[in-house]
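Engineer: Coordinates in coords16.cif, mmCIF, C-alpha atoms and all ligand atoms, are listed below.
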```cif
data_protein
loop_
_atom_site.label_atom_id
_atom_site.label_comp_id
_atom_site.auth_asym_id
_atom_site.auth_seq_id
_atom_site.Cartn_x
_atom_site.Cartn_y
_atom_site.Cartn_z
CA MET A 22 22.67 19.98 -0.58
CA PRO A 23 19.63 20.69 1.66
CA VAL A 24 17.04 17.91 1.67
CA ASP A 25 14.24 20.08 0.29
CA LEU A 26 16.42 21.20 -2.60
CA VAL A 27 17.31 17.59 -3.41
CA LYS A 28 13.60 16.69 -3.42
CA ARG A 29 12.71 19.66 -5.58
CA THR A 30 15.47 18.91 -8.05
CA ALA A 31 14.41 15.27 -8.31
CA LYS A 32 10.82 16.34 -8.96
CA LEU A 33 11.85 18.63 -11.77
CA LEU A 34 14.35 16.24 -13.31
CA ARG A 35 11.86 14.93 -15.86
CA TYR A 36 11.35 18.50 -17.10
CA GLN A 37 15.06 19.38 -17.07
CA ARG A 38 15.40 19.70 -20.84
CA GLN A 39 12.50 22.13 -21.22
CA ILE A 40 13.50 24.18 -18.17
CA MET A 41 16.73 24.78 -20.13
CA LEU A 42 14.76 26.64 -22.83
CA ASP A 43 15.31 30.39 -23.24
CA GLY A 44 13.02 32.27 -20.86
CA TRP A 45 12.13 29.14 -18.84
CA ASN A 46 12.94 28.38 -15.21
CA GLU A 47 11.46 26.43 -12.30
CA GLN A 48 8.66 28.97 -11.95
CA THR A 49 7.69 28.38 -15.57
CA GLN A 50 7.31 24.70 -14.79
CA GLU A 51 5.32 25.54 -11.67
CA LYS A 52 2.94 27.68 -13.76
CA LEU A 53 2.33 24.71 -16.06
CA LYS A 54 1.68 22.48 -13.06
CA GLU A 55 -0.92 24.93 -11.76
CA SER A 56 -2.64 25.24 -15.15
CA ARG A 57 -6.02 23.80 -16.06
CA VAL A 58 -6.71 22.95 -19.70
CA PHE A 59 -9.98 21.87 -21.28
CA ILE A 60 -9.48 19.72 -24.39
CA ALA A 61 -12.64 19.59 -26.50
CA GLY A 62 -12.40 16.37 -28.52
CA VAL A 63 -10.01 13.47 -28.00
CA GLY A 64 -9.65 12.50 -31.65
CA GLY A 65 -7.03 13.27 -34.28
CA LEU A 66 -6.15 16.69 -32.82
CA GLY A 67 -7.03 15.99 -29.19
CA CYS A 68 -4.61 13.05 -28.94
CA PRO A 69 -1.44 15.01 -29.82
CA VAL A 70 -2.65 18.02 -27.82
CA ALA A 71 -3.26 15.91 -24.70
CA LEU A 72 -0.03 13.97 -25.12
CA ASN A 73 2.14 17.08 -25.50
CA LEU A 74 0.50 18.90 -22.60
CA ALA A 75 0.70 15.86 -20.32
CA VAL A 76 4.39 15.14 -20.90
CA ALA A 77 5.16 18.87 -20.54
CA GLY A 78 3.66 18.74 -17.03
CA VAL A 79 0.40 20.69 -17.38
CA GLY A 80 -1.13 19.87 -14.00
CA HIS A 81 -4.83 19.49 -14.73
CA ILE A 82 -6.24 18.27 -18.03
CA THR A 83 -9.92 17.72 -18.81
CA LEU A 84 -10.62 15.38 -21.71
CA CYS A 85 -14.08 15.91 -23.23
CA ASP A 86 -15.54 13.63 -25.91
CA ALA A 87 -18.84 11.79 -26.17
CA ASP A 88 -17.64 9.14 -28.66
CA VAL A 89 -16.25 5.65 -28.25
CA VAL A 90 -13.14 4.37 -30.02
CA ASP A 91 -13.80 3.02 -33.52
CA ILE A 92 -11.38 1.08 -35.71
CA THR A 93 -11.41 3.90 -38.28
CA ASN A 94 -9.92 6.23 -35.62
CA LEU A 95 -6.73 4.22 -35.26
CA ASN A 96 -4.82 5.66 -38.26
CA ARG A 97 -4.36 8.91 -36.35
CA GLN A 98 -5.77 8.83 -32.79
CA PHE A 99 -2.69 7.27 -31.26
CA LEU A 100 -3.73 7.38 -27.60
CA HIS A 101 -6.36 4.72 -28.35
CA LYS A 102 -5.26 1.10 -28.51
CA GLU A 103 -6.88 -1.73 -30.49
CA VAL A 104 -8.10 -3.33 -27.26
CA ASN A 105 -10.03 -0.13 -26.48
CA ILE A 106 -12.30 -0.27 -29.53
CA GLY A 107 -15.80 0.37 -28.16
CA VAL A 108 -14.47 2.10 -25.03
CA ASP A 109 -15.14 5.78 -24.27
CA LYS A 110 -12.43 7.86 -25.95
CA THR A 111 -11.92 9.89 -22.78
CA ARG A 112 -11.24 6.76 -20.72
CA SER A 113 -9.08 5.20 -23.40
CA ALA A 114 -6.97 8.36 -23.70
CA ARG A 115 -6.69 8.80 -19.94
CA ASP A 116 -5.42 5.22 -19.53
CA THR A 117 -2.58 5.89 -21.95
CA LEU A 118 -1.80 9.39 -20.65
CA ALA A 119 -1.75 8.34 -16.99
CA LYS A 120 1.09 5.93 -17.79
CA LEU A 121 3.04 8.74 -19.47
CA ASN A 122 2.84 11.20 -16.58
CA SER A 123 1.40 10.13 -13.26
CA GLU A 124 1.79 13.66 -11.86
CA VAL A 125 -1.03 15.02 -14.05
CA LEU A 126 -4.63 15.04 -12.85
CA PHE A 127 -6.92 13.93 -15.67
CA GLU A 128 -10.64 14.53 -15.64
CA THR A 129 -12.85 12.78 -18.18
CA VAL A 130 -16.15 14.10 -19.50
CA SER A 131 -17.94 11.73 -21.91
CA ARG A 132 -20.62 14.19 -22.93
CA LYS A 133 -21.48 16.35 -25.93
CA ILE A 134 -20.76 20.07 -25.75
CA VAL A 135 -24.07 21.94 -25.92
CA SER A 136 -25.00 25.42 -24.76
CA GLU A 137 -26.98 24.12 -21.77
CA THR A 138 -23.99 22.32 -20.27
CA VAL A 139 -20.88 24.05 -21.59
CA ASP A 140 -20.39 26.10 -18.43
CA GLU A 141 -20.47 23.00 -16.25
CA LEU A 142 -18.19 21.04 -18.60
CA VAL A 143 -15.45 23.64 -19.10
CA GLY A 144 -15.47 24.70 -15.44
CA ASP A 145 -12.62 26.94 -14.40
CA ALA A 146 -10.21 26.06 -17.20
CA ASP A 147 -7.48 28.61 -17.97
CA ILE A 148 -7.65 27.81 -21.67
CA ILE A 149 -9.81 25.80 -24.08
CA ILE A 150 -8.30 23.77 -26.91
CA ASP A 151 -10.69 23.28 -29.83
CA CYS A 152 -9.97 19.81 -31.21
CA LEU A 153 -13.49 19.30 -32.52
CA ASP A 154 -14.64 18.04 -35.89
CA ASN A 155 -17.94 19.93 -36.08
CA PHE A 156 -18.93 23.57 -36.11
CA ALA A 157 -22.06 23.21 -33.98
CA ALA A 158 -20.02 22.44 -30.85
CA ARG A 159 -17.29 24.87 -31.94
CA PHE A 160 -19.81 27.72 -32.04
CA VAL A 161 -21.06 26.77 -28.56
CA LEU A 162 -17.50 26.88 -27.22
CA ASN A 163 -16.81 30.12 -29.09
CA GLN A 164 -19.85 31.85 -27.57
CA TYR A 165 -18.85 30.57 -24.15
CA MET A 166 -15.22 31.64 -24.36
CA VAL A 167 -16.19 35.15 -25.50
CA GLU A 168 -18.64 35.53 -22.61
CA LYS A 169 -16.28 34.05 -20.03
CA GLY A 170 -13.07 35.61 -21.30
CA THR A 171 -11.39 32.20 -21.51
CA PRO A 172 -9.02 32.06 -24.49
CA MET A 173 -9.25 29.27 -27.05
CA VAL A 174 -6.71 27.66 -29.35
CA HIS A 175 -8.44 26.70 -32.56
CA GLY A 176 -7.26 23.83 -34.72
CA ALA A 177 -8.78 22.18 -37.76
CA VAL A 178 -7.76 19.61 -40.36
CA TRP A 179 -9.24 18.70 -43.71
CA GLY A 180 -7.25 16.24 -45.78
CA MET A 181 -3.64 17.43 -46.03
CA GLU A 182 -4.51 20.95 -44.86
CA GLY A 183 -4.39 22.20 -41.29
CA ARG A 184 -5.21 25.49 -39.58
CA VAL A 185 -4.30 26.95 -36.21
CA SER A 186 -5.19 30.24 -34.53
CA PHE A 187 -5.65 31.78 -31.07
CA PHE A 188 -8.88 33.51 -30.10
CA ASP A 189 -9.22 35.91 -27.17
CA PRO A 190 -11.53 38.87 -28.00
CA PRO A 191 -11.30 41.79 -27.83
CA LEU A 192 -7.56 41.35 -28.39
CA THR A 193 -8.15 38.99 -31.31
CA PRO A 194 -11.03 37.88 -33.52
CA CYS A 195 -13.26 35.00 -32.44
CA LEU A 196 -14.22 32.00 -34.53
CA ALA A 197 -17.46 33.66 -35.65
CA CYS A 198 -15.55 36.71 -36.96
CA LEU A 199 -13.90 34.37 -39.45
CA PHE A 200 -16.78 31.92 -39.95
CA PRO A 201 -20.14 33.65 -39.39
CA GLN A 202 -21.79 30.40 -40.44
CA SER A 203 -20.74 26.79 -40.39
CA PRO A 204 -18.92 25.78 -43.58
CA ALA A 205 -20.44 22.76 -45.29
CA LEU A 206 -18.62 19.74 -43.90
CA GLU A 207 -18.98 16.11 -44.80
CA LYS A 208 -19.23 13.67 -41.92
CA ASP A 209 -16.16 11.61 -42.78
CA VAL A 210 -13.38 13.79 -44.13
CA PRO A 211 -10.09 12.43 -45.46
CA VAL A 212 -7.30 12.70 -42.90
CA LEU A 213 -3.73 11.51 -42.35
CA GLY A 214 -2.30 10.89 -38.89
CA GLY A 215 0.88 12.85 -39.53
CA VAL A 216 -1.15 15.95 -40.36
CA THR A 217 -3.33 15.81 -37.23
CA SER A 218 -0.19 15.11 -35.16
CA ALA A 219 1.56 18.16 -36.56
CA VAL A 220 -1.43 20.49 -36.17
CA GLY A 221 -2.28 19.21 -32.67
CA SER A 222 1.34 19.65 -31.60
CA MET A 223 1.21 23.27 -32.76
CA GLN A 224 -1.97 23.81 -30.74
CA ALA A 225 -0.25 22.37 -27.65
CA ILE A 226 2.78 24.63 -28.14
CA GLU A 227 0.52 27.67 -28.48
CA ALA A 228 -1.27 26.71 -25.24
CA ILE A 229 2.09 26.35 -23.47
CA ASN A 230 3.20 29.72 -24.84
CA TYR A 231 0.04 31.22 -23.35
CA LEU A 232 0.19 29.41 -20.01
CA ALA A 233 3.86 29.60 -19.21
CA GLY A 234 5.84 31.25 -21.92
CA PRO A 235 5.99 34.56 -23.67
CA GLY A 236 2.20 34.72 -24.18
CA PRO A 237 0.10 33.69 -27.16
CA THR A 238 1.77 34.07 -30.52
CA LEU A 239 -1.12 33.34 -32.88
CA GLY A 240 -3.54 36.08 -31.81
CA GLY A 241 -4.73 37.87 -34.95
CA ARG A 242 -3.00 35.28 -37.11
CA MET A 243 -4.17 32.11 -38.83
CA LEU A 244 -1.56 29.60 -39.91
CA ILE A 245 -2.65 27.53 -42.88
CA MET A 246 -0.46 24.54 -43.59
CA ASP A 247 -0.67 22.62 -46.86
CA TYR A 248 1.15 19.41 -46.04
CA SER A 249 0.70 18.01 -49.56
CA ALA A 250 3.12 20.69 -50.82
CA MET A 251 4.76 21.57 -47.48
CA ARG A 252 3.74 25.19 -47.96
CA PHE A 253 2.68 27.26 -44.97
CA GLN A 254 0.77 30.55 -45.01
CA ASP A 255 0.70 33.05 -42.16
CA LEU A 256 -2.47 35.15 -42.60
CA GLU A 257 -3.44 38.21 -40.59
CA VAL A 258 -7.01 37.94 -39.35
CA SER A 259 -8.96 40.71 -37.69
CA ARG A 260 -12.15 41.19 -35.73
CA ASN A 261 -15.40 41.71 -37.56
CA PRO A 262 -17.14 44.71 -35.93
CA GLU A 263 -20.43 43.16 -37.08
CA CYS A 264 -19.58 39.78 -35.53
CA PRO A 265 -22.76 38.38 -33.93
CA VAL A 266 -20.73 36.95 -31.03
CA CYS A 267 -17.95 39.41 -30.18
CA GLY A 268 -18.83 42.47 -32.31
CA SER A 269 -20.16 44.53 -29.42
CA PHE A 270 -17.91 42.92 -26.86
CA ASP A 271 -15.30 44.85 -24.91
CA ARG A 272 -13.64 44.27 -21.62
ZN ZN A 301 -16.17 37.60 -33.29
#
```
Would you mind writing the file out in structure tokens?
Ligand SMILES: [Zn+2]
Structural biologist:
Amino acid sequence: MPVDLVKRTAKLLRYQRQIMLDGWNEQTQEKLKESRVFIAGVGGLGCPVALNLAVAGVGHITLCDADVVDITNLNRQFLHKEVNIGVDKTRSARDTLAKLNSEVLFETVSRKIVSETVDELVGDADIIIDCLDNFAARFVLNQYMVEKGTPMVHGAVWGMEGRVSFFDPPLTPCLACLFPQSPALEKDVPVLGGVTSAVGSMQAIEAINYLAGPGPTLGGRMLIMDYSAMRFQDLEVSRNPECPVCGSFDR
């Protein structure tokens, strides 16, 4: 076997089982390696999203979160260890992720997402993953992604319920089409680690579908999962022509 082929095969060995998937090949893996993902929030959703994208070989991952690790995070935010209580979540997560896949470049941004800085923070990401727990920052990201044409995978959890969708106007609605105003949210909502793991994993799969696979599958759809009854709904969602963010938008 030629030396370069041996080297290439060895490099791809860790991804062998996913390269075997229908529609996948070495080029698919290369696309993932070249991809840049911005993960907004490294909490209950951000941890499974980052973990799944890192082990799948997404080449460049930005972790954005302004918080530090708190003991009440540990029932679900599994990238953070007990010894990292008080440490920036981005640094704590990166330390764990770097040991899982040393081939991935991780960038950490320990800052809040506000309209003045969102452009600088997201940079040239190919896709944004919304793993936030508040609508103020979500609306900032939503406005940004509509203006920039950067798609966003939305995820949310409240108690035993989770939601996932893919936004990329004008092909799909944006967040503001569905939520013109922020729903009333309490600061500390009930949440179970298994639910955030499941929802975050779905967000990661959707991002991989977009970056390397058949394309996004949740555009114009909102999956609503009730894990207390294990009942899942698949709702069609459409653009609001009066949407204050994307209503007049076309490209
Ligand atoms: Zn909209």
Engineer: Pick out the residues no farther than 12 Å from ligand ZN 301 (chain A), counting only C-alpha atoms and all ligand atoms, and list them as a ChimeraX atom specification.
Structural biologist: /A:160,163-168,188-202,241,258-271
Engineer: Using only C-alpha atoms, determine which residues lie at most 12 Å from A:Asp145, disregarding the query and same-chain residues fewer than 2 positions distant; provide the list as a ChimeraX atom specification.
Structural biologist: /A:56-59,81-83,139-143,147-149,166,169-172
Engineer: For stretch 48-55 of chain A, find every residue with an atom within 9 Å (counting all atoms listed in the file), except residues of its own chain fewer than 5 positions away, and show them as a ChimeraX atom specification.
Structural biologist: /A:33,36,39-40,74,77-81,124-125,229,232-234
Engineer: Take the residues just selected and output them with C-alpha atoms as a compact mmCIF listing (two decimals), in the coordinates of the input.
Structural biologist:
```txt
# COMPACT_ATOMS: atom_id res chain seq x y z
CA LEU A 33 11.85 18.63 -11.77
CA TYR A 36 11.35 18.50 -17.10
CA GLN A 39 12.50 22.13 -21.22
CA ILE A 40 13.50 24.18 -18.17
CA LEU A 74 0.50 18.90 -22.60
CA ALA A 77 5.16 18.87 -20.54
CA GLY A 78 3.66 18.74 -17.03
CA VAL A 79 0.40 20.69 -17.38
CA GLY A 80 -1.13 19.87 -14.00
CA HIS A 81 -4.83 19.49 -14.73
CA GLU A 124 1.79 13.66 -11.86
CA VAL A 125 -1.03 15.02 -14.05
CA ILE A 229 2.09 26.35 -23.47
CA LEU A 232 0.19 29.41 -20.01
CA ALA A 233 3.86 29.60 -19.21
CA GLY A 234 5.84 31.25 -21.92
```
Engineer: Would you compute the distance between atom CA of A:Arg97 and atom CA of A:Ala114? Give it in Å to one decimal.
Structural biologist: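 Atom CA of A:Arg97 sits 12.9 Å away from atom CA of A:Ala114.
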Engineer: Just want the 12 Å neighbourhood of A:Asp91, counted on only C-alpha atoms, with same-chain residues fewer than 6 positions away dropped. Output as a ChimeraX atom specification.
Structural biologist: /A:64,97-98,101-110,113
Engineer: Could those selected residues go to a file with C-alpha atoms, as a PDB file, in the frame of the given file?
Structural biologist:
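Full text of again-v2.pdb as output:
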```pdb
ATOM      1  CA  GLY A  64      -9.650  12.500 -31.650  1.00  0.00           C
ATOM      2  CA  ARG A  97      -4.360   8.910 -36.350  1.00  0.00           C
ATOM      3  CA  GLN A  98      -5.770   8.830 -32.790  1.00  0.00           C
ATOM      4  CA  HIS A 101      -6.360   4.720 -28.350  1.00  0.00           C
ATOM      5  CA  LYS A 102      -5.260   1.100 -28.510  1.00  0.00           C
ATOM      6  CA  GLU A 103      -6.880  -1.730 -30.490  1.00  0.00           C
ATOM      7  CA  VAL A 104      -8.100  -3.330 -27.260  1.00  0.00           C
ATOM      8  CA  ASN A 105     -10.030  -0.130 -26.480  1.00  0.00           C
ATOM      9  CA  ILE A 106     -12.300  -0.270 -29.530  1.00  0.00           C
ATOM     10  CA  GLY A 107     -15.800   0.370 -28.160  1.00  0.00           C
ATOM     11  CA  VAL A 108     -14.470   2.100 -25.030  1.00  0.00           C
ATOM     12  CA  ASP A 109     -15.140   5.780 -24.270  1.00  0.00           C
ATOM     13  CA  LYS A 110     -12.430   7.860 -25.950  1.00  0.00           C
ATOM     14  CA  SER A 113      -9.080   5.200 -23.400  1.00  0.00           C
TER      15      SER A 113
END
```
Engineer: Just how far from atom CA of A:Phe187 is atom CA of A:Thr238, in Å to one decimal?
Structural biologist: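 A separation of 7.8 Å between them.
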Engineer: Tell me which of A:Val174, A:Ile92, A:Leu84, A:Ala157 sits closest to A:Ile60, counting only C-alpha atoms.
Structural biologist: A:Leu84
Engineer: Rebuild stretch 160-171 of chain A so that it carries all heavy atoms, then output the result as a PDB file, in the coordinates of the input.
Structural biologist:
```
ATOM      1  N   PHE A 160     -19.121  26.438 -32.251  1.00  0.00           N
ATOM      2  CA  PHE A 160     -19.810  27.720 -32.040  1.00  0.00           C
ATOM      3  C   PHE A 160     -20.278  27.847 -30.588  1.00  0.00           C
ATOM      4  O   PHE A 160     -20.273  28.938 -30.033  1.00  0.00           O
ATOM      5  CB  PHE A 160     -20.982  27.867 -33.012  1.00  0.00           C
ATOM      6  CG  PHE A 160     -20.553  28.265 -34.407  1.00  0.00           C
ATOM      7  CD1 PHE A 160     -21.157  27.706 -35.526  1.00  0.00           C
ATOM      8  CD2 PHE A 160     -19.545  29.209 -34.601  1.00  0.00           C
ATOM      9  CE1 PHE A 160     -20.759  28.067 -36.805  1.00  0.00           C
ATOM     10  CE2 PHE A 160     -19.143  29.577 -35.885  1.00  0.00           C
ATOM     11  CZ  PHE A 160     -19.750  29.005 -36.986  1.00  0.00           C
ATOM     12  N   VAL A 161     -20.684  26.739 -29.986  1.00  0.00           N
ATOM     13  CA  VAL A 161     -21.060  26.770 -28.560  1.00  0.00           C
ATOM     14  C   VAL A 161     -19.859  27.178 -27.718  1.00  0.00           C
ATOM     15  O   VAL A 161     -19.942  28.057 -26.860  1.00  0.00           O
ATOM     16  CB  VAL A 161     -21.603  25.391 -28.107  1.00  0.00           C
ATOM     17  CG1 VAL A 161     -21.766  25.346 -26.588  1.00  0.00           C
ATOM     18  CG2 VAL A 161     -22.927  25.072 -28.792  1.00  0.00           C
ATOM     19  N   LEU A 162     -18.723  26.551 -27.970  1.00  0.00           N
ATOM     20  CA  LEU A 162     -17.500  26.880 -27.220  1.00  0.00           C
ATOM     21  C   LEU A 162     -17.071  28.321 -27.481  1.00  0.00           C
ATOM     22  O   LEU A 162     -16.623  29.021 -26.572  1.00  0.00           O
ATOM     23  CB  LEU A 162     -16.353  25.966 -27.645  1.00  0.00           C
ATOM     24  CG  LEU A 162     -16.144  24.662 -26.891  1.00  0.00           C
ATOM     25  CD1 LEU A 162     -14.886  23.989 -27.403  1.00  0.00           C
ATOM     26  CD2 LEU A 162     -16.049  24.869 -25.383  1.00  0.00           C
ATOM     27  N   ASN A 163     -17.220  28.757 -28.731  1.00  0.00           N
ATOM     28  CA  ASN A 163     -16.810  30.120 -29.090  1.00  0.00           C
ATOM     29  C   ASN A 163     -17.641  31.158 -28.334  1.00  0.00           C
ATOM     30  O   ASN A 163     -17.110  32.113 -27.772  1.00  0.00           O
ATOM     31  CB  ASN A 163     -16.954  30.318 -30.601  1.00  0.00           C
ATOM     32  CG  ASN A 163     -16.419  31.663 -31.038  1.00  0.00           C
ATOM     33  OD1 ASN A 163     -15.234  31.942 -30.902  1.00  0.00           O
ATOM     34  ND2 ASN A 163     -17.296  32.522 -31.544  1.00  0.00           N
ATOM     35  N   GLN A 164     -18.958  30.941 -28.311  1.00  0.00           N
ATOM     36  CA  GLN A 164     -19.850  31.850 -27.570  1.00  0.00           C
ATOM     37  C   GLN A 164     -19.458  31.878 -26.097  1.00  0.00           C
ATOM     38  O   GLN A 164     -19.362  32.936 -25.476  1.00  0.00           O
ATOM     39  CB  GLN A 164     -21.294  31.324 -27.722  1.00  0.00           C
ATOM     40  CG  GLN A 164     -22.337  32.142 -26.988  1.00  0.00           C
ATOM     41  CD  GLN A 164     -22.901  33.253 -27.861  1.00  0.00           C
ATOM     42  OE1 GLN A 164     -23.079  33.065 -29.068  1.00  0.00           O
ATOM     43  NE2 GLN A 164     -23.150  34.404 -27.276  1.00  0.00           N
ATOM     44  N   TYR A 165     -19.191  30.700 -25.570  1.00  0.00           N
ATOM     45  CA  TYR A 165     -18.850  30.570 -24.150  1.00  0.00           C
ATOM     46  C   TYR A 165     -17.535  31.292 -23.845  1.00  0.00           C
ATOM     47  O   TYR A 165     -17.417  32.029 -22.864  1.00  0.00           O
ATOM     48  CB  TYR A 165     -18.743  29.092 -23.794  1.00  0.00           C
ATOM     49  CG  TYR A 165     -18.262  28.856 -22.384  1.00  0.00           C
ATOM     50  CD1 TYR A 165     -19.126  28.910 -21.299  1.00  0.00           C
ATOM     51  CD2 TYR A 165     -16.911  28.581 -22.138  1.00  0.00           C
ATOM     52  CE1 TYR A 165     -18.674  28.702 -20.010  1.00  0.00           C
ATOM     53  CE2 TYR A 165     -16.456  28.377 -20.850  1.00  0.00           C
ATOM     54  CZ  TYR A 165     -17.340  28.441 -19.794  1.00  0.00           C
ATOM     55  OH  TYR A 165     -16.882  28.248 -18.517  1.00  0.00           O
ATOM     56  N   MET A 166     -16.536  31.072 -24.680  1.00  0.00           N
ATOM     57  CA  MET A 166     -15.220  31.640 -24.360  1.00  0.00           C
ATOM     58  C   MET A 166     -15.232  33.167 -24.487  1.00  0.00           C
ATOM     59  O   MET A 166     -14.557  33.862 -23.728  1.00  0.00           O
ATOM     60  CB  MET A 166     -14.128  30.990 -25.218  1.00  0.00           C
ATOM     61  CG  MET A 166     -14.062  31.410 -26.651  1.00  0.00           C
ATOM     62  SD  MET A 166     -12.746  32.629 -26.846  1.00  0.00           S
ATOM     63  CE  MET A 166     -12.932  33.026 -28.570  1.00  0.00           C
ATOM     64  N   VAL A 167     -16.066  33.698 -25.399  1.00  0.00           N
ATOM     65  CA  VAL A 167     -16.190  35.150 -25.500  1.00  0.00           C
ATOM     66  C   VAL A 167     -16.850  35.705 -24.238  1.00  0.00           C
ATOM     67  O   VAL A 167     -16.380  36.674 -23.649  1.00  0.00           O
ATOM     68  CB  VAL A 167     -16.980  35.543 -26.769  1.00  0.00           C
ATOM     69  CG1 VAL A 167     -17.326  37.027 -26.753  1.00  0.00           C
ATOM     70  CG2 VAL A 167     -16.187  35.204 -28.020  1.00  0.00           C
ATOM     71  N   GLU A 168     -17.920  35.057 -23.806  1.00  0.00           N
ATOM     72  CA  GLU A 168     -18.640  35.530 -22.610  1.00  0.00           C
ATOM     73  C   GLU A 168     -17.788  35.410 -21.355  1.00  0.00           C
ATOM     74  O   GLU A 168     -17.789  36.283 -20.497  1.00  0.00           O
ATOM     75  CB  GLU A 168     -19.938  34.733 -22.426  1.00  0.00           C
ATOM     76  CG  GLU A 168     -21.002  35.113 -23.436  1.00  0.00           C
ATOM     77  CD  GLU A 168     -22.170  34.145 -23.443  1.00  0.00           C
ATOM     78  OE1 GLU A 168     -22.197  33.214 -22.611  1.00  0.00           O
ATOM     79  OE2 GLU A 168     -23.059  34.314 -24.305  1.00  0.00           O
ATOM     80  N   LYS A 169     -17.041  34.323 -21.248  1.00  0.00           N
ATOM     81  CA  LYS A 169     -16.280  34.050 -20.030  1.00  0.00           C
ATOM     82  C   LYS A 169     -14.901  34.708 -20.025  1.00  0.00           C
ATOM     83  O   LYS A 169     -14.257  34.816 -18.982  1.00  0.00           O
ATOM     84  CB  LYS A 169     -16.077  32.538 -19.871  1.00  0.00           C
ATOM     85  CG  LYS A 169     -17.270  31.831 -19.300  1.00  0.00           C
ATOM     86  CD  LYS A 169     -17.312  32.034 -17.791  1.00  0.00           C
ATOM     87  CE  LYS A 169     -18.352  31.147 -17.162  1.00  0.00           C
ATOM     88  NZ  LYS A 169     -18.347  31.256 -15.711  1.00  0.00           N
ATOM     89  N   GLY A 170     -14.418  35.071 -21.218  1.00  0.00           N
ATOM     90  CA  GLY A 170     -13.070  35.610 -21.300  1.00  0.00           C
ATOM     91  C   GLY A 170     -12.002  34.528 -21.152  1.00  0.00           C
ATOM     92  O   GLY A 170     -10.881  34.800 -20.720  1.00  0.00           O
ATOM     93  N   THR A 171     -12.368  33.299 -21.517  1.00  0.00           N
ATOM     94  CA  THR A 171     -11.390  32.200 -21.510  1.00  0.00           C
ATOM     95  C   THR A 171     -10.844  32.028 -22.921  1.00  0.00           C
ATOM     96  O   THR A 171     -11.617  31.780 -23.838  1.00  0.00           O
ATOM     97  CB  THR A 171     -12.059  30.867 -21.077  1.00  0.00           C
ATOM     98  OG1 THR A 171     -12.758  31.069 -19.855  1.00  0.00           O
ATOM     99  CG2 THR A 171     -11.026  29.766 -20.909  1.00  0.00           C
TER     100      THR A 171
END
```
